[in-house]
Every structure is written in structure tokens, then in C-alpha cells.
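Engineer: One structure coming up, written as C-alpha cells, with questions to follow.
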Amino acid sequence: MQASTGFDVVIVGGGHNGLTAACYLAQAGRRVALVERTPKLGGMTHSDYLIPGAPQHMVNTCAGEAIFLRATRVVQDLELERHGWRTADVDPSYVYLHPDGNSIAIWRDPAKTAADIHRFSPNDASAYLQFVELLDALLAIALPMMKTSAARPKLSALLDAIRALIRHRRVRGELLPMVLGTADQVALERFEHPATIAMMLNIASGACSIDEDGGGLGYVLLALLHRVGVGRPVGGMQALPNALGARLHELGGTVLTGTAVDEILVEGGRTRGVRLADGRVLEARAVITSCDPLTAMRLATPGSFETKLMRRVEHAPYNRANASPLMVHLALAGQVRPKSLFKRWDGLDLRPSVALIGLADDVRLGFKAAQRGDYTQTPSIWVAIPSAWDATQAPAGQDVAYLYPPTMPVEPRDGTREAVEAAADATVRQAAQYFDGLDTTFARWVETPRERMQRLNVTNGCITHIDFALLRSGSMRPAVGLGGEVLPVAGFFFGGAGAHPGGGVSGLPGKHAADRVQRFLK
């Protein structure tokens, strides 16, 4: 074994949360080493030119926007704009396309969204504004708690949440049924028109299964959208880890890419660093894991965690409904735009907005098919055209399209590559019912949840590490006994999407981990 190298903290995983933790700690003067298994930083915020035969069409391999990041101070604290991080404001950020040619644009201004809904149903327009009031109450209570440690919340955050509860006392009685209910139930309780319900279910399906209890919490995306708007990355999502990596280099942090961690070393109930695959040992008093919790605990020296805690994290929900996105990226020789059927009365160009495709039953049947292990032939889809808001992501006059059907099986009954390609074909055919130009596709890159698991070493390919729901939030994330200020192994910390406050590109799990490590080291 080679000589040990000493650090205050070693961070396992170079996604945006691991990088965020590293930057905050290095900024505080700590000696930090970050170890990333793959050759490039980024994790689920990784972008690259991955489409065979299309070297100028960028693939945003998982995340495509930074709505949660806008609700934090990470960009300002770490001076990321100075290192190249920029976003494009897209408003409306989403648009639901109904098969009859009508559409509902989801604007930052909820009144404008309600005006679109009014074309379908005046009752739904009124109900939407009432629902947004409820969402605003949820966010006013939740956001202060998202920004602080779940196990050791700041007094100011608690006071902000209490004030929000008092301020929104008129709707308090509706909050619990919403966050405990299924996303489908929440939509059906409030809306009557098929288009409004379909829009709601399409939005919720990006966060969780629409028929899981607690899935109503997924509508927090709408609350954030109306509160802070949506910023889409210029230069691809890779611009975020690149900016974080540049800041970490500036602060004197050590980064090892293309380097696997074989073991998180634990002796006498305390971490002492990590052993790398090449035999080197990086000694440290603290280790932050930004990989998913199950992967992290399995890396620890055998016997480090009690059996009951290992079983809890093994049985945590990782794509429990057997549904996860199939990601289909298309390189096109021309440009894609909604069919003339969807021409707006207000002349709005819908290309930069993410299109939501699929009736409510398409969303429901997609999840049911996934539970059986089947690919649906009429999937609901999120359709994004990144080159429509950032022309650098494809050659001039060409597009790259990102088709994101969220209801594909993690464990398909037919897992052959032929079945995967057939599912991708069905996804493209469904999108082609709404968009012109997809017939100019000359190459594509398709990734299944299982392939995502192999590429990123993430359990079941789960993009949120642990499923997003109320009972997996706060100090219960990832499981009871594992969401505290200090874990049962001293110096071992979770700092990825499997920790509070969860998935999405926010950097908050990394920031919270850095804060906990600072307190631990002191």
C-alpha cells in the first residue's frame, strides 16, 4: 500500500452536490479532496457529445434545468457566474399540448397560466389560482426548512416556517391532504377538464409515481416555477460542474477524476479516510458521500453500520413503482417545432418551452405498464429542444431534442436491446404526433434506467437517489436513524440527493453536508 495523504475531508462523488460541499469547505479553509469514479465531473449534471455520428449535438445526460438552484444562494456564495455559469430565462417554461391543438402555457405569473386554463374551463382557472395559493403556502413553510439542516434547523428557519404557517392559516387545513395524497387524487379533487388534469399529472410524473401516497408533494415544482422561474443552462448543464470545479481549483481543493473508491475506511466507529482502487489511502477525519445512500453504506468497511440500519436503507424506495425515465436524445439535421395545429392565438413561440405530451390516461397507463415491466406504446413525454434556448448545443440550423418519458420500466420483462430500441421508436412516434421535424433525425443516444445505474453507479437508476415523497423527507431521508446531524459512524456524512432536502439541482444537500462537517471538525 502506498503512503497515505492527509486531508480534513474526502468527498466521494463529483456530481454537483459533492462539488458544492467541497467548495464550501475549501472556502472555509479546509483541506479537501474530491474523488470521482468517471473521467469527468458532473454526475447527473454531466453533459457531453455522446450521440454516435453527431459530434456537435450536446447531450444533457439527465438534468436539463436548475429551478431549485435559483431558490438558494449557492451561485452567489461560490461566485459561479465568475466561472462561466449562466442561464437563459424561459417563460413560459412548460406548455401542455392537448391533442385538439389547444395548449396550456405554464407561465411564471400564475394569473397568465390561469388565463390559458380559462380557455378550457373557467372553473379550473379559478381552482388553479386557489391551488397556487396552497402551493405558495407549502413553499413558504418548506423552503426555509429546505435551506437548513433537517436534524439541527436554524432558529431563523424555524421562525420563518412558523410565521408562514400563521400567515397562511386560511389554507392550513388543506396542506396535509395535499402532501399525503397521491398526485392523481390531488388533481382530481380540484380540476374537472381533461386538459387541466393531464397538465397536472404530466408535471407530477417528473417527480414521482402519480399513484403513490405522499406523491402530492411533487407539485412543489409548480410552486417553485411560479416563485423563482426556470433557468436553463447556457452551454449545457455541464457548465455547472465546470464552474464548481473551477471554483474548487481556485480554492486549492484536490480533484481526482477517473478514480474509484474501493472502501470508506472505518475503525472503532469512526471514519479515517478512503482507500482508492489503486491502493492509495486518503486519510481524513470526515468523509462526505454524494453517491446514493445504499452505495455509500456498502462502500464502508464491512460491519460499520448495524444490520438494522443496512436493512432500512436497502428497503428504502428506489424507483419503487418500477418506473423511471427512458432518455432519448436526437441529433437532427433540421429544426423541430410544434405542428401548425398548435399555433397559439397570441403568437407565442413554443420551441423554447418544455412540451408536456400525453392525456391523463397516458400517464396513468404508463405507470401501470411499468409496474408490470412493460413498455407503453403511447408514453407521456416531456419534450425539450435545448438548442431552442441555447444555439451552442447544436450546429447552426440544426437541433438536438431531448425526449423524456418518465414512465418506463426499470426492470422490463423484455430487457433486450431490441425492446429498448422499440420503446425509443414508440417515444419518437408519439412525439411526432405533436412536432414537425423529427423525421430529420440522423442519430440518437438512448439510455435506460439500468444503463444509467451502470454509468453513474446509482441504485436502480433512480435520479432522485431515494424516491421523492413526504415520508422520505427531512430527517427521515434516506431512512429513520440515518438523517441526523451525525450518523452512527462518526465522520461519515451523506451529501447527495439521498439526503435532505432531496433530488433536483439545488446544491443544498452538499451545502448542508459541508455545514455538518464544519461543526463536526470543530
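By order in the C-alpha cells, chains are A, B, ...; within a chain, residues start at 1; ligands start at 1, following the order shown.
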When you look at Arg472 in chain A with a cut-off of 10 Å (counting only C-alpha atoms), what residues show up, excluding the ones that are within fewer than 6 positions of it in the same chain? I need them as number ranges by chain.

Structural biologist: A: 214, 316-317, 466, 478-480, 483, 498-502

Engineer: Keeping only N, CA, C and O atoms, take the residues you just selected and write them out as a PDB file, in the first residue's frame.

Structural biologist:
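Resulting contents of part12.pdb:
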```pdb
ATOM      1  N   GLY A 214     -48.380  10.326  -0.728  1.00  0.00           N
ATOM      2  CA  GLY A 214     -47.317  11.297  -0.481  1.00  0.00           C
ATOM      3  C   GLY A 214     -46.796  11.946  -1.743  1.00  0.00           C
ATOM      4  O   GLY A 214     -46.005  12.895  -1.691  1.00  0.00           O
ATOM      5  N   ALA A 316     -35.306   1.059   1.375  1.00  0.00           N
ATOM      6  CA  ALA A 316     -35.807   2.387   1.012  1.00  0.00           C
ATOM      7  C   ALA A 316     -36.293   2.334  -0.434  1.00  0.00           C
ATOM      8  O   ALA A 316     -35.858   1.488  -1.222  1.00  0.00           O
ATOM      9  N   PRO A 317     -37.215   3.217  -0.811  1.00  0.00           N
ATOM     10  CA  PRO A 317     -37.773   3.145  -2.170  1.00  0.00           C
ATOM     11  C   PRO A 317     -36.876   3.791  -3.231  1.00  0.00           C
ATOM     12  O   PRO A 317     -36.669   5.000  -3.243  1.00  0.00           O
ATOM     13  N   ILE A 466     -33.313   8.523  -3.685  1.00  0.00           N
ATOM     14  CA  ILE A 466     -34.402   7.907  -2.923  1.00  0.00           C
ATOM     15  C   ILE A 466     -35.680   8.549  -3.447  1.00  0.00           C
ATOM     16  O   ILE A 466     -35.713   9.740  -3.738  1.00  0.00           O
ATOM     17  N   PRO A 478     -32.347   9.384   4.285  1.00  0.00           N
ATOM     18  CA  PRO A 478     -32.980   8.340   3.482  1.00  0.00           C
ATOM     19  C   PRO A 478     -33.813   7.337   4.285  1.00  0.00           C
ATOM     20  O   PRO A 478     -34.629   6.632   3.730  1.00  0.00           O
ATOM     21  N   ALA A 479     -33.607   7.292   5.616  1.00  0.00           N
ATOM     22  CA  ALA A 479     -34.372   6.357   6.454  1.00  0.00           C
ATOM     23  C   ALA A 479     -34.247   6.821   7.900  1.00  0.00           C
ATOM     24  O   ALA A 479     -33.331   7.571   8.258  1.00  0.00           O
ATOM     25  N   VAL A 480     -35.172   6.356   8.716  1.00  0.00           N
ATOM     26  CA  VAL A 480     -35.142   6.694  10.143  1.00  0.00           C
ATOM     27  C   VAL A 480     -33.812   6.223  10.739  1.00  0.00           C
ATOM     28  O   VAL A 480     -33.375   5.095  10.540  1.00  0.00           O
ATOM     29  N   GLY A 483     -30.811  10.173   9.116  1.00  0.00           N
ATOM     30  CA  GLY A 483     -30.943  11.547   8.653  1.00  0.00           C
ATOM     31  C   GLY A 483     -30.570  12.561   9.709  1.00  0.00           C
ATOM     32  O   GLY A 483     -30.975  13.716   9.634  1.00  0.00           O
ATOM     33  N   GLY A 498     -29.842  11.729  -1.863  1.00  0.00           N
ATOM     34  CA  GLY A 498     -30.468  10.852  -0.886  1.00  0.00           C
ATOM     35  C   GLY A 498     -30.541  11.455   0.503  1.00  0.00           C
ATOM     36  O   GLY A 498     -31.059  10.821   1.421  1.00  0.00           O
ATOM     37  N   ALA A 499     -30.025  12.661   0.659  1.00  0.00           N
ATOM     38  CA  ALA A 499     -30.088  13.366   1.935  1.00  0.00           C
ATOM     39  C   ALA A 499     -31.030  14.562   1.798  1.00  0.00           C
ATOM     40  O   ALA A 499     -31.421  14.938   0.692  1.00  0.00           O
ATOM     41  N   HIS A 500     -31.372  15.175   2.913  1.00  0.00           N
ATOM     42  CA  HIS A 500     -32.221  16.364   2.931  1.00  0.00           C
ATOM     43  C   HIS A 500     -31.584  17.480   2.104  1.00  0.00           C
ATOM     44  O   HIS A 500     -30.384  17.699   2.216  1.00  0.00           O
ATOM     45  N   PRO A 501     -32.325  18.223   1.282  1.00  0.00           N
ATOM     46  CA  PRO A 501     -33.769  18.142   1.042  1.00  0.00           C
ATOM     47  C   PRO A 501     -34.175  17.264  -0.135  1.00  0.00           C
ATOM     48  O   PRO A 501     -35.338  17.266  -0.523  1.00  0.00           O
ATOM     49  N   GLY A 502     -33.222  16.528  -0.745  1.00  0.00           N
ATOM     50  CA  GLY A 502     -33.596  15.582  -1.784  1.00  0.00           C
ATOM     51  C   GLY A 502     -33.070  15.929  -3.159  1.00  0.00           C
ATOM     52  O   GLY A 502     -32.096  16.667  -3.310  1.00  0.00           O
TER      53      GLY A 502
END
```

Engineer: Range 101-219 of chain A near range 426-448 of chain A within 12 Å: what's each residue's closest atom pair and its distance in Å to one decimal, counting only C-alpha atoms, ordered by chain then ascending residue number, as CSV?

Structural biologist:
```
residue,atom,partner,partner_atom,distance
A:Gly101,CA,A:Tyr434,CA,8.9
A:Asn102,CA,A:Tyr434,CA,11.3
A:Ser103,CA,A:Tyr434,CA,11.4
```

Engineer: Dump N, CA and C atoms for the selected residues as a short mmCIF file (atom, residue, chain, number, x, y, z; two decimals), in the first residue's frame?

Structural biologist:
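Generated output (result19.cif):
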```cif
data_model
loop_
_atom_site.label_atom_id
_atom_site.label_comp_id
_atom_site.auth_asym_id
_atom_site.auth_seq_id
_atom_site.Cartn_x
_atom_site.Cartn_y
_atom_site.Cartn_z
N GLY A 101 -55.18 20.64 -30.44
CA GLY A 101 -54.47 21.80 -30.93
C GLY A 101 -54.39 22.94 -29.94
N ASN A 102 -55.15 22.87 -28.86
CA ASN A 102 -55.06 23.88 -27.82
C ASN A 102 -53.87 23.58 -26.90
N SER A 103 -53.50 24.54 -26.09
CA SER A 103 -52.35 24.37 -25.21
C SER A 103 -52.55 25.17 -23.94
#
```

Engineer: Can you pull out every residue within 6 Å of range 215-228 of chain A, counting only C-alpha atoms, but drop anything in the same chain fewer than 2 positions away, and send it as a list of chain:residue names?

Structural biologist: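 In the requested form, the answer reads A:Arg108, A:Leu135, A:Asp136, A:Met178, A:Val179, A:Gly181, A:Thr182, A:Ala183, A:Ala204, A:Ala207, A:Glu212, A:Asp213, A:Ala469.
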
Engineer: Report the residues of range 436-507 of chain A whose backbone DSSP state falls under strand (DSSP E), written as a count of residues only.

Structural biologist: 11

Engineer: Can you tell me, as a PDB file with N, CA and C atoms, in the first residue's frame, what residues are no more than 6 Å from range 372-388 of chain A when counting only C-alpha atoms, ignoring any on the same chain fewer than 3 positions away?

Structural biologist:
```
ATOM      1  N   ARG A 351     -41.152  26.732 -29.102  1.00  0.00           N
ATOM      2  CA  ARG A 351     -39.927  25.922 -29.186  1.00  0.00           C
ATOM      3  C   ARG A 351     -39.101  25.939 -27.894  1.00  0.00           C
ATOM      4  N   PRO A 352     -38.896  27.091 -27.259  1.00  0.00           N
ATOM      5  CA  PRO A 352     -38.039  27.060 -26.054  1.00  0.00           C
ATOM      6  C   PRO A 352     -38.695  26.425 -24.827  1.00  0.00           C
ATOM      7  N   VAL A 354     -40.514  23.539 -22.548  1.00  0.00           N
ATOM      8  CA  VAL A 354     -40.611  22.079 -22.484  1.00  0.00           C
ATOM      9  C   VAL A 354     -42.068  21.701 -22.689  1.00  0.00           C
ATOM     10  N   ALA A 355     -42.317  20.860 -23.691  1.00  0.00           N
ATOM     11  CA  ALA A 355     -43.688  20.449 -24.006  1.00  0.00           C
ATOM     12  C   ALA A 355     -44.063  19.209 -23.209  1.00  0.00           C
ATOM     13  N   LEU A 356     -45.254  19.230 -22.638  1.00  0.00           N
ATOM     14  CA  LEU A 356     -45.809  18.078 -21.929  1.00  0.00           C
ATOM     15  C   LEU A 356     -46.824  17.417 -22.844  1.00  0.00           C
ATOM     16  N   ILE A 357     -46.588  16.145 -23.154  1.00  0.00           N
ATOM     17  CA  ILE A 357     -47.425  15.408 -24.099  1.00  0.00           C
ATOM     18  C   ILE A 357     -48.031  14.209 -23.391  1.00  0.00           C
ATOM     19  N   GLY A 358     -49.313  14.013 -23.559  1.00  0.00           N
ATOM     20  CA  GLY A 358     -49.963  12.827 -23.016  1.00  0.00           C
ATOM     21  C   GLY A 358     -51.211  13.164 -22.239  1.00  0.00           C
ATOM     22  N   ASP A 362     -52.812   8.415 -20.441  1.00  0.00           N
ATOM     23  CA  ASP A 362     -51.492   8.004 -20.917  1.00  0.00           C
ATOM     24  C   ASP A 362     -50.504   7.956 -19.755  1.00  0.00           C
ATOM     25  N   VAL A 363     -50.598   8.949 -18.863  1.00  0.00           N
ATOM     26  CA  VAL A 363     -49.713   8.968 -17.692  1.00  0.00           C
ATOM     27  C   VAL A 363     -50.038   7.789 -16.783  1.00  0.00           C
ATOM     28  N   GLY A 366     -49.094   4.475 -18.341  1.00  0.00           N
ATOM     29  CA  GLY A 366     -47.648   4.330 -18.396  1.00  0.00           C
ATOM     30  C   GLY A 366     -47.093   3.775 -17.101  1.00  0.00           C
ATOM     31  N   ALA A 369     -48.166   0.103 -16.759  1.00  0.00           N
ATOM     32  CA  ALA A 369     -47.366  -0.749 -17.637  1.00  0.00           C
ATOM     33  C   ALA A 369     -45.981  -0.981 -17.039  1.00  0.00           C
ATOM     34  N   ALA A 391     -28.337  28.128 -28.672  1.00  0.00           N
ATOM     35  CA  ALA A 391     -27.956  27.666 -30.009  1.00  0.00           C
ATOM     36  C   ALA A 391     -26.604  26.966 -30.036  1.00  0.00           C
ATOM     37  N   GLN A 393     -25.753  24.415 -28.481  1.00  0.00           N
ATOM     38  CA  GLN A 393     -25.849  22.984 -28.216  1.00  0.00           C
ATOM     39  C   GLN A 393     -26.083  22.142 -29.470  1.00  0.00           C
ATOM     40  N   ALA A 394     -26.125  22.780 -30.644  1.00  0.00           N
ATOM     41  CA  ALA A 394     -26.254  22.068 -31.915  1.00  0.00           C
ATOM     42  C   ALA A 394     -25.716  22.976 -33.015  1.00  0.00           C
ATOM     43  N   ASP A 399     -30.979  21.037 -34.690  1.00  0.00           N
ATOM     44  CA  ASP A 399     -31.458  20.931 -33.314  1.00  0.00           C
ATOM     45  C   ASP A 399     -30.949  19.662 -32.648  1.00  0.00           C
ATOM     46  N   ALA A 401     -32.817  17.284 -29.687  1.00  0.00           N
ATOM     47  CA  ALA A 401     -34.073  17.121 -28.961  1.00  0.00           C
ATOM     48  C   ALA A 401     -33.887  16.094 -27.850  1.00  0.00           C
ATOM     49  N   TYR A 402     -34.529  16.357 -26.720  1.00  0.00           N
ATOM     50  CA  TYR A 402     -34.425  15.515 -25.535  1.00  0.00           C
ATOM     51  C   TYR A 402     -35.831  15.038 -25.205  1.00  0.00           C
ATOM     52  N   LEU A 403     -36.094  13.752 -25.450  1.00  0.00           N
ATOM     53  CA  LEU A 403     -37.401  13.149 -25.164  1.00  0.00           C
ATOM     54  C   LEU A 403     -37.277  12.383 -23.853  1.00  0.00           C
ATOM     55  N   TYR A 404     -38.175  12.704 -22.925  1.00  0.00           N
ATOM     56  CA  TYR A 404     -38.063  12.225 -21.553  1.00  0.00           C
ATOM     57  C   TYR A 404     -39.395  11.621 -21.131  1.00  0.00           C
ATOM     58  N   PRO A 405     -39.642  10.340 -21.456  1.00  0.00           N
ATOM     59  CA  PRO A 405     -40.851   9.677 -20.967  1.00  0.00           C
ATOM     60  C   PRO A 405     -40.601   9.124 -19.564  1.00  0.00           C
ATOM     61  N   MET A 408     -41.164   4.581 -17.850  1.00  0.00           N
ATOM     62  CA  MET A 408     -40.625   3.377 -18.453  1.00  0.00           C
ATOM     63  C   MET A 408     -40.115   2.428 -17.370  1.00  0.00           C
ATOM     64  N   PRO A 409     -40.187   1.113 -17.586  1.00  0.00           N
ATOM     65  CA  PRO A 409     -39.830   0.172 -16.526  1.00  0.00           C
ATOM     66  C   PRO A 409     -38.334   0.135 -16.232  1.00  0.00           C
ATOM     67  N   GLU A 411     -37.105  -2.502 -14.509  1.00  0.00           N
ATOM     68  CA  GLU A 411     -36.880  -3.935 -14.776  1.00  0.00           C
ATOM     69  C   GLU A 411     -37.912  -4.399 -15.795  1.00  0.00           C
ATOM     70  N   PRO A 412     -37.629  -4.273 -17.095  1.00  0.00           N
ATOM     71  CA  PRO A 412     -38.609  -4.691 -18.101  1.00  0.00           C
ATOM     72  C   PRO A 412     -38.668  -6.207 -18.218  1.00  0.00           C
ATOM     73  N   ARG A 413     -39.840  -6.708 -18.575  1.00  0.00           N
ATOM     74  CA  ARG A 413     -39.957  -8.154 -18.798  1.00  0.00           C
ATOM     75  C   ARG A 413     -39.091  -8.587 -19.970  1.00  0.00           C
ATOM     76  N   ALA A 426     -41.237   4.051 -30.232  1.00  0.00           N
ATOM     77  CA  ALA A 426     -42.599   4.429 -29.840  1.00  0.00           C
ATOM     78  C   ALA A 426     -42.622   5.834 -29.254  1.00  0.00           C
TER      79      ALA A 426
END
```

Engineer: Could you tell me how far CA of Asp184 in chain A sits from CA of Ala71 in chain A, in Å to one decimal place?

Structural biologist: 26.5 Å

Engineer: As a list of chain:residue names, please: all residues of range 45-120 of chain A that backbone DSSP puts in helix (DSSP H, G or I).

Structural biologist: A:Thr45, A:Leu69, A:Arg70, A:Ala71, A:Val74, A:Val75, A:Gln76, A:Asp77, A:Leu80, A:Glu81, A:Arg82, A:His83, A:Pro110, A:Ala111, A:Lys112, A:Thr113, A:Ala114, A:Ala115, A:Asp116, A:Ile117, A:His118

Engineer: Ranking A:Thr196, A:Ser475, A:Gln238, A:Gln185 by minimum distance to Thr148 in chain A and counting only C-alpha atoms, which one comes first?

Structural biologist: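 Residue with the minimum atom-to-atom distance to Thr148 in chain A: A:Ser475.
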